[in-house]
$ cat my_file_21.cif   # mmCIF, C-alpha atoms
data_target
loop_
_atom_site.label_atom_id
_atom_site.label_comp_id
_atom_site.auth_asym_id
_atom_site.auth_seq_id
_atom_site.Cartn_x
_atom_site.Cartn_y
_atom_site.Cartn_z
CA MET A 1 -1.75 21.77 -8.16
CA VAL A 2 -1.47 24.16 -5.20
CA ARG A 3 -2.87 27.64 -5.79
CA LYS A 4 -2.04 30.54 -3.49
CA GLU A 5 -5.53 32.02 -4.01
CA ASP A 6 -7.26 28.97 -2.53
CA LEU A 7 -8.22 29.62 1.08
CA ALA A 8 -9.86 26.31 1.92
CA TYR A 9 -9.44 22.68 0.95
CA LEU A 10 -11.72 19.70 1.54
CA LEU A 11 -10.12 16.24 1.48
CA ILE A 12 -12.55 13.32 1.42
CA GLY A 13 -11.42 9.74 2.05
CA LEU A 14 -11.17 7.19 4.84
CA GLY A 15 -7.66 6.65 6.19
CA SER A 16 -6.05 7.19 2.83
CA SER A 17 -2.26 7.47 2.80
CA ALA A 18 -2.64 9.42 -0.44
CA LYS A 19 -4.61 12.00 1.55
CA ASP A 20 -1.71 12.44 3.99
CA ILE A 21 0.63 12.93 1.04
CA GLN A 22 -1.69 15.58 -0.41
CA ILE A 23 -1.78 17.46 2.90
CA LYS A 24 2.02 17.46 2.92
CA ARG A 25 2.07 18.82 -0.64
CA LEU A 26 -0.38 21.56 0.25
CA LYS A 27 1.72 22.58 3.23
CA GLU A 28 4.89 22.68 1.12
CA GLY A 29 3.15 24.60 -1.66
CA LEU A 30 1.37 27.15 0.51
CA LEU A 31 3.97 27.89 3.17
CA ASP A 32 7.64 28.81 3.10
CA LYS A 33 9.88 25.96 4.14
CA ALA A 34 11.77 28.08 6.67
CA THR A 35 8.66 29.10 8.63
CA GLY A 36 6.21 26.34 7.66
CA ASP A 37 6.26 24.57 11.02
CA PHE A 38 5.55 27.84 12.86
CA ASN A 39 2.60 28.62 10.61
CA SER A 40 0.77 25.29 10.58
CA ASP A 41 -1.47 23.73 13.19
CA VAL A 42 -3.53 20.54 13.50
CA ALA A 43 -6.83 20.16 15.35
CA TYR A 44 -9.35 17.33 15.68
CA GLY A 45 -13.04 17.94 15.06
CA LYS A 46 -14.43 16.08 18.05
CA GLU A 47 -12.08 17.79 20.52
CA LEU A 48 -12.12 21.30 19.02
CA SER A 49 -14.20 23.75 21.06
CA LEU A 50 -15.48 27.02 19.65
CA ARG A 51 -13.07 29.00 21.82
CA GLN A 52 -10.08 26.92 20.71
CA LEU A 53 -11.12 27.33 17.07
CA GLN A 54 -11.44 31.10 17.43
CA GLU A 55 -8.01 31.32 19.08
CA LYS A 56 -6.39 29.33 16.29
CA LEU A 57 -7.99 31.52 13.63
CA LEU A 58 -6.85 34.70 15.40
CA PHE A 59 -3.17 33.70 15.43
CA LEU A 60 -1.16 35.90 13.09
CA PRO A 61 1.27 34.34 10.59
CA PHE A 62 4.95 34.36 11.53
CA LYS A 63 7.00 36.01 8.77
CA SER A 64 4.42 34.80 6.25
CA GLU A 65 1.26 36.01 4.54
CA LYS A 66 -0.79 32.99 5.57
CA ARG A 67 -1.16 30.29 8.24
CA LEU A 68 -2.48 26.78 7.78
CA LEU A 69 -5.00 25.01 10.02
CA ILE A 70 -5.66 21.32 9.34
CA ILE A 71 -8.87 20.02 10.91
CA ARG A 72 -8.84 16.23 11.08
CA ASP A 73 -12.17 14.37 11.38
CA ALA A 74 -13.89 17.60 10.42
CA GLN A 75 -17.20 15.75 10.08
CA ARG A 76 -17.21 15.53 13.90
CA LEU A 77 -17.06 19.28 14.50
CA LYS A 78 -19.60 20.62 17.00
CA GLU A 79 -22.48 22.66 15.61
CA GLU A 80 -21.24 25.96 17.09
CA ALA A 81 -17.81 25.42 15.51
CA ARG A 82 -19.43 24.62 12.17
CA LEU A 83 -21.47 27.80 12.21
CA PHE A 84 -18.42 29.89 13.07
CA ILE A 85 -16.43 28.33 10.21
CA LEU A 86 -19.21 29.07 7.73
CA GLU A 87 -19.13 32.74 8.72
CA TYR A 88 -15.32 32.79 8.68
CA LEU A 89 -15.26 31.47 5.11
CA LYS A 90 -17.40 34.44 4.03
CA SER A 91 -15.11 37.02 5.63
CA TYR A 92 -12.45 39.05 3.85
CA GLY A 93 -8.79 39.35 4.77
CA ARG A 94 -8.53 35.83 6.13
CA LYS A 95 -5.01 34.96 7.24
CA THR A 96 -5.60 31.25 7.87
CA ILE A 97 -5.98 28.66 5.12
CA LEU A 98 -8.24 25.81 6.23
CA ILE A 99 -7.81 22.16 5.29
CA PHE A 100 -10.78 19.99 6.20
CA ASP A 101 -10.11 16.25 6.44
CA VAL A 102 -13.27 14.07 6.41
CA ASP A 103 -13.72 10.30 6.27
CA LYS A 104 -16.45 10.21 3.65
CA ASP A 105 -18.83 12.36 1.68
CA ASN A 106 -22.36 12.80 2.95
CA PRO A 107 -24.78 14.56 0.55
CA LYS A 108 -27.19 15.09 3.47
CA ASP A 109 -24.62 17.02 5.52
CA ALA A 110 -25.37 20.72 4.95
CA PHE A 111 -21.98 21.71 6.40
CA LEU A 112 -20.02 19.60 3.90
CA ASN A 113 -22.20 20.79 1.02
CA TYR A 114 -21.47 24.38 2.02
CA LEU A 115 -17.74 23.70 2.26
CA LYS A 116 -17.75 22.45 -1.32
CA LYS A 117 -18.78 25.92 -2.45
CA TYR A 118 -15.81 27.58 -0.79
CA ALA A 119 -13.14 24.88 -0.78
CA ARG A 120 -11.14 23.09 -3.41
CA VAL A 121 -12.19 19.44 -3.15
CA TYR A 122 -9.95 16.36 -3.35
CA SER A 123 -11.57 12.92 -3.28
CA PHE A 124 -9.65 9.76 -2.43
CA ILE A 125 -10.46 6.07 -2.79
CA GLN A 126 -12.09 4.73 0.33
CA GLU A 127 -9.75 2.28 2.02
CA ARG A 128 -11.22 -0.66 3.91
CA PRO A 129 -10.93 -0.35 7.69
CA PRO A 130 -7.97 -2.34 9.06
CA GLU A 131 -8.50 -5.64 10.80
CA VAL A 132 -6.59 -6.91 13.83
CA PHE A 133 -4.68 -9.43 11.75
CA ASP A 134 -3.41 -6.62 9.52
CA LEU A 135 -1.68 -5.44 12.68
CA VAL A 136 -0.32 -8.94 13.37
CA ARG A 137 1.19 -9.16 9.86
CA GLN A 138 2.76 -5.70 10.15
CA VAL A 139 4.27 -6.54 13.53
CA GLU A 140 5.68 -9.77 12.11
CA ARG A 141 7.44 -7.71 9.43
CA GLY A 142 8.88 -5.39 12.07
CA GLY A 143 7.32 -2.20 10.73
CA SER A 144 6.77 -0.08 13.84
CA TYR A 145 5.50 3.07 12.07
CA GLN A 146 2.78 1.28 10.10
CA SER A 147 1.97 -1.00 13.04
CA LEU A 148 1.38 1.94 15.39
CA LYS A 149 -0.72 3.68 12.77
CA THR A 150 -2.89 0.57 12.34
CA LEU A 151 -3.15 0.11 16.12
CA ASN A 152 -4.40 3.69 16.50
CA ARG A 153 -7.02 3.17 13.79
CA LEU A 154 -8.22 -0.06 15.42
CA LEU A 155 -8.62 1.68 18.78
CA THR A 156 -10.39 4.61 17.12
CA GLN A 157 -12.83 2.16 15.53
CA GLY A 158 -13.68 0.90 19.00
CA ILE A 159 -11.88 -2.44 18.84
CA LYS A 160 -11.36 -3.55 22.45
CA PRO A 161 -7.73 -3.59 23.67
CA GLU A 162 -8.21 -7.14 25.03
CA PHE A 163 -9.18 -8.35 21.56
CA ILE A 164 -6.13 -6.70 19.99
CA LEU A 165 -3.87 -8.22 22.65
CA GLY A 166 -5.40 -11.64 22.02
CA ALA A 167 -4.67 -11.37 18.29
CA LEU A 168 -1.06 -10.36 18.95
CA ARG A 169 -0.52 -13.70 20.70
CA PHE A 170 -0.45 -15.27 17.23
CA VAL A 171 2.92 -13.69 16.49
CA ARG A 172 4.55 -16.40 18.60
CA GLN A 173 3.75 -18.92 15.90
CA GLN A 174 6.29 -17.31 13.58
CA ALA A 175 9.18 -17.26 16.05
CA ASP A 176 11.68 -19.83 17.28
CA PRO A 177 11.30 -21.12 20.90
CA LEU A 178 13.73 -18.62 22.43
CA VAL A 179 12.10 -15.62 20.78
CA SER A 180 8.64 -17.04 21.50
CA LYS A 181 9.51 -17.09 25.21
CA LYS A 182 10.48 -13.42 25.11
CA ILE A 183 7.28 -12.58 23.26
CA THR A 184 5.21 -14.43 25.86
CA LYS A 185 6.80 -12.35 28.62
CA LEU A 186 5.98 -9.11 26.80
CA LEU A 187 2.39 -10.23 26.29
CA ILE A 188 1.99 -11.07 29.99
CA VAL A 189 3.41 -7.71 31.07
CA CYS A 190 1.06 -5.86 28.70
CA ASP A 191 -1.90 -7.88 29.96
CA LEU A 192 -1.06 -6.99 33.57
CA GLU A 193 -0.59 -3.30 32.76
CA ILE A 194 -4.04 -3.18 31.16
CA LYS A 195 -5.85 -5.18 33.86
CA THR A 196 -4.28 -3.36 36.80
CA GLY A 197 -4.58 0.07 35.21
CA ARG A 198 -0.86 0.62 35.63
CA LEU A 199 -0.87 2.06 32.10
CA LYS A 200 -3.65 3.32 29.89
CA SER A 201 -4.68 0.52 27.51
CA SER A 202 -3.58 2.39 24.40
CA PHE A 203 -0.15 3.20 25.89
CA ALA A 204 0.37 -0.41 27.03
CA LEU A 205 -0.43 -1.70 23.54
CA GLU A 206 1.78 0.91 21.87
CA LYS A 207 4.68 -0.13 24.11
CA LEU A 208 4.05 -3.79 23.30
CA VAL A 209 3.88 -3.19 19.56
CA VAL A 210 7.12 -1.19 19.55
CA SER A 211 8.84 -3.93 21.58
CA LEU A 212 7.61 -6.68 19.28
CA CYS A 213 8.64 -4.78 16.16
CA GLY A 214 12.05 -4.25 17.76
CA PHE A 215 12.83 -7.92 17.20
CA GLY A 216 13.24 -7.02 13.54
CA GLY A 217 10.52 -9.21 12.04
CA PHE A 218 9.37 -12.60 13.23
CA HIS A 219 9.71 -14.28 9.86
CA LYS A 220 13.43 -13.50 9.86
CA LEU A 221 13.88 -14.75 13.42
CA ALA A 222 12.13 -17.99 12.68
CA HIS A 223 14.89 -19.07 10.31
#
$ encode --input "my_file_21.cif" --output "structure tokens"
Amino acid sequence: MVRKEDLAYLLIGLGSSAKDIQIKRLKEGLLDKATGDFNSDVAYGKELSLRQLQEKLLFLPFKSEKRLLIIRDAQRLKEEARLFILEYLKSYGRKTILIFDVDKDNPKDAFLNYLKKYARVYSFIQERPPEVFDLVRQVERGGSYQSLKTLNRLLTQGIKPEFILGALRFVRQQADPLVSKKITKLLIVCDLEIKTGRLKSSFALEKLVVSLCGFGGFHKLAH
């Protein structure tokens, strides 16, 4: 249930799709549909400087009483940003509603413990981290949205692009010879783009994944 009087929310869970759905519900419940996109912003804890945070909190709502700031990976906020947020939560007349998205609970983290006093807490089942062959299966089914999401999570976990590319070579096993030849060409191009630095590794892999999914699913093509 979304309550207008709540001024902070803490969502705890690793890569949960249910968490993304809850954020969408909060946005729809707290902001008017007509101006919601103008009054919501997303930031990432590791990249958010104190100055950027202060600027985002100073923005005034557009034809609305409140704004919404979603901080992804909030557990990675810098110490100075954490201290500023703690003071902001104590202040009156706040115009920005904060949604903190963290991977997991940590009872030893004083910042998270403090947030629990001020924020409404939602806990989600911890999903297992994706493996490279989850990506292979998704690509085989032709699901570009889920495939790109899994690819991003793999790269965020520190999985090397070369290892991901090597796993994607297995998709050829599900395709007929003609399609397999096309796949091989795409794999070679991606490999060259990564090794020569023509494209950033993540961009080269994203392009490859979209191209592979564009075949419409390898299982279908194999028949």
$ residues_around --input "my_file_21.cif" --residues "Ala74 (chain A)" --least-positions-apart "4" --cutoff "12 Å" --atoms "all atoms listed in the file" --output "short mmCIF file (atom, residue, chain, number, x, y, z; two decimals) with C-alpha atoms, in the frame of the given file"
data_model
loop_
_atom_site.label_atom_id
_atom_site.label_comp_id
_atom_site.auth_asym_id
_atom_site.auth_seq_id
_atom_site.Cartn_x
_atom_site.Cartn_y
_atom_site.Cartn_z
CA TYR A 9 -9.44 22.68 0.95
CA LEU A 10 -11.72 19.70 1.54
CA LEU A 11 -10.12 16.24 1.48
CA ILE A 12 -12.55 13.32 1.42
CA GLY A 13 -11.42 9.74 2.05
CA VAL A 42 -3.53 20.54 13.50
CA ALA A 43 -6.83 20.16 15.35
CA TYR A 44 -9.35 17.33 15.68
CA GLY A 45 -13.04 17.94 15.06
CA LYS A 46 -14.43 16.08 18.05
CA GLU A 47 -12.08 17.79 20.52
CA LEU A 48 -12.12 21.30 19.02
CA LEU A 69 -5.00 25.01 10.02
CA ILE A 70 -5.66 21.32 9.34
CA LYS A 78 -19.60 20.62 17.00
CA GLU A 79 -22.48 22.66 15.61
CA ALA A 81 -17.81 25.42 15.51
CA ARG A 82 -19.43 24.62 12.17
CA ILE A 85 -16.43 28.33 10.21
CA LEU A 98 -8.24 25.81 6.23
CA ILE A 99 -7.81 22.16 5.29
CA PHE A 100 -10.78 19.99 6.20
CA ASP A 101 -10.11 16.25 6.44
CA VAL A 102 -13.27 14.07 6.41
CA ASP A 103 -13.72 10.30 6.27
CA LYS A 104 -16.45 10.21 3.65
CA ASP A 105 -18.83 12.36 1.68
CA ASP A 109 -24.62 17.02 5.52
CA PHE A 111 -21.98 21.71 6.40
CA LEU A 112 -20.02 19.60 3.90
CA LEU A 115 -17.74 23.70 2.26
#
$ atom_distance --input "my_file_21.cif" --atom1 "CA of Leu154 (chain A)" --atom2 "CA of Leu135 (chain A)"
8.9 Å
$ closest_residue --input "my_file_21.cif" --among "A:Val132, A:Ile21, A:Cys213, A:Val189" --to "Arg153 (chain A)" --atoms "only C-alpha atoms"
A:Val132
$ resolve_selection --input "my_file_21.cif" --expression "the PyMOL selection byres ((chain A and resi 62) around 8)" --output "PyMOL selection string"
chain A and resi 35+38-39+60-61+63-64
$ atom_distance --input "my_file_21.cif" --atom1 "CA of Lys149 (chain A)" --atom2 "CA of Val136 (chain A)"
12.6 Å
$ atom_distance --input "my_file_21.cif" --atom1 "CA of Ser91 (chain A)" --atom2 "CA of Ile23 (chain A)"
23.8 Å
$ closest_residue --input "my_file_21.cif" --among "A:Ser180, A:Ser49, A:Ser144, A:Gln22" --to "Arg76 (chain A)" --atoms "all atoms listed in the file"
A:Ser49
$ resolve_selection --input "my_file_21.cif" --expression "the PyMOL selection byres ((chain A and resi 163-174) around 10)" --output "compact mmCIF listing (two decimals) with C-alpha atoms, keeping the file's coordinate frame"
# COMPACT_ATOMS: atom_id res chain seq x y z
CA GLU A 131 -8.50 -5.64 10.80
CA VAL A 132 -6.59 -6.91 13.83
CA PHE A 133 -4.68 -9.43 11.75
CA LEU A 135 -1.68 -5.44 12.68
CA VAL A 136 -0.32 -8.94 13.37
CA ARG A 137 1.19 -9.16 9.86
CA VAL A 139 4.27 -6.54 13.53
CA GLU A 140 5.68 -9.77 12.11
CA LEU A 151 -3.15 0.11 16.12
CA LEU A 154 -8.22 -0.06 15.42
CA LEU A 155 -8.62 1.68 18.78
CA ILE A 159 -11.88 -2.44 18.84
CA LYS A 160 -11.36 -3.55 22.45
CA PRO A 161 -7.73 -3.59 23.67
CA GLU A 162 -8.21 -7.14 25.03
CA ALA A 175 9.18 -17.26 16.05
CA ASP A 176 11.68 -19.83 17.28
CA PRO A 177 11.30 -21.12 20.90
CA VAL A 179 12.10 -15.62 20.78
CA SER A 180 8.64 -17.04 21.50
CA LYS A 181 9.51 -17.09 25.21
CA LYS A 182 10.48 -13.42 25.11
CA ILE A 183 7.28 -12.58 23.26
CA THR A 184 5.21 -14.43 25.86
CA LEU A 187 2.39 -10.23 26.29
CA ILE A 188 1.99 -11.07 29.99
CA CYS A 190 1.06 -5.86 28.70
CA ASP A 191 -1.90 -7.88 29.96
CA ILE A 194 -4.04 -3.18 31.16
CA ALA A 204 0.37 -0.41 27.03
CA LEU A 205 -0.43 -1.70 23.54
CA LEU A 208 4.05 -3.79 23.30
CA VAL A 209 3.88 -3.19 19.56
CA LEU A 212 7.61 -6.68 19.28
CA GLY A 217 10.52 -9.21 12.04
CA PHE A 218 9.37 -12.60 13.23
CA HIS A 219 9.71 -14.28 9.86
CA LYS A 220 13.43 -13.50 9.86
CA LEU A 221 13.88 -14.75 13.42
CA ALA A 222 12.13 -17.99 12.68
CA HIS A 223 14.89 -19.07 10.31
$ closest_residue --input "my_file_21.cif" --among "A:Ile71, A:Glu28, A:Gln138, A:Pro130" --to "Thr156 (chain A)" --atoms "all atoms listed in the file"
A:Pro130
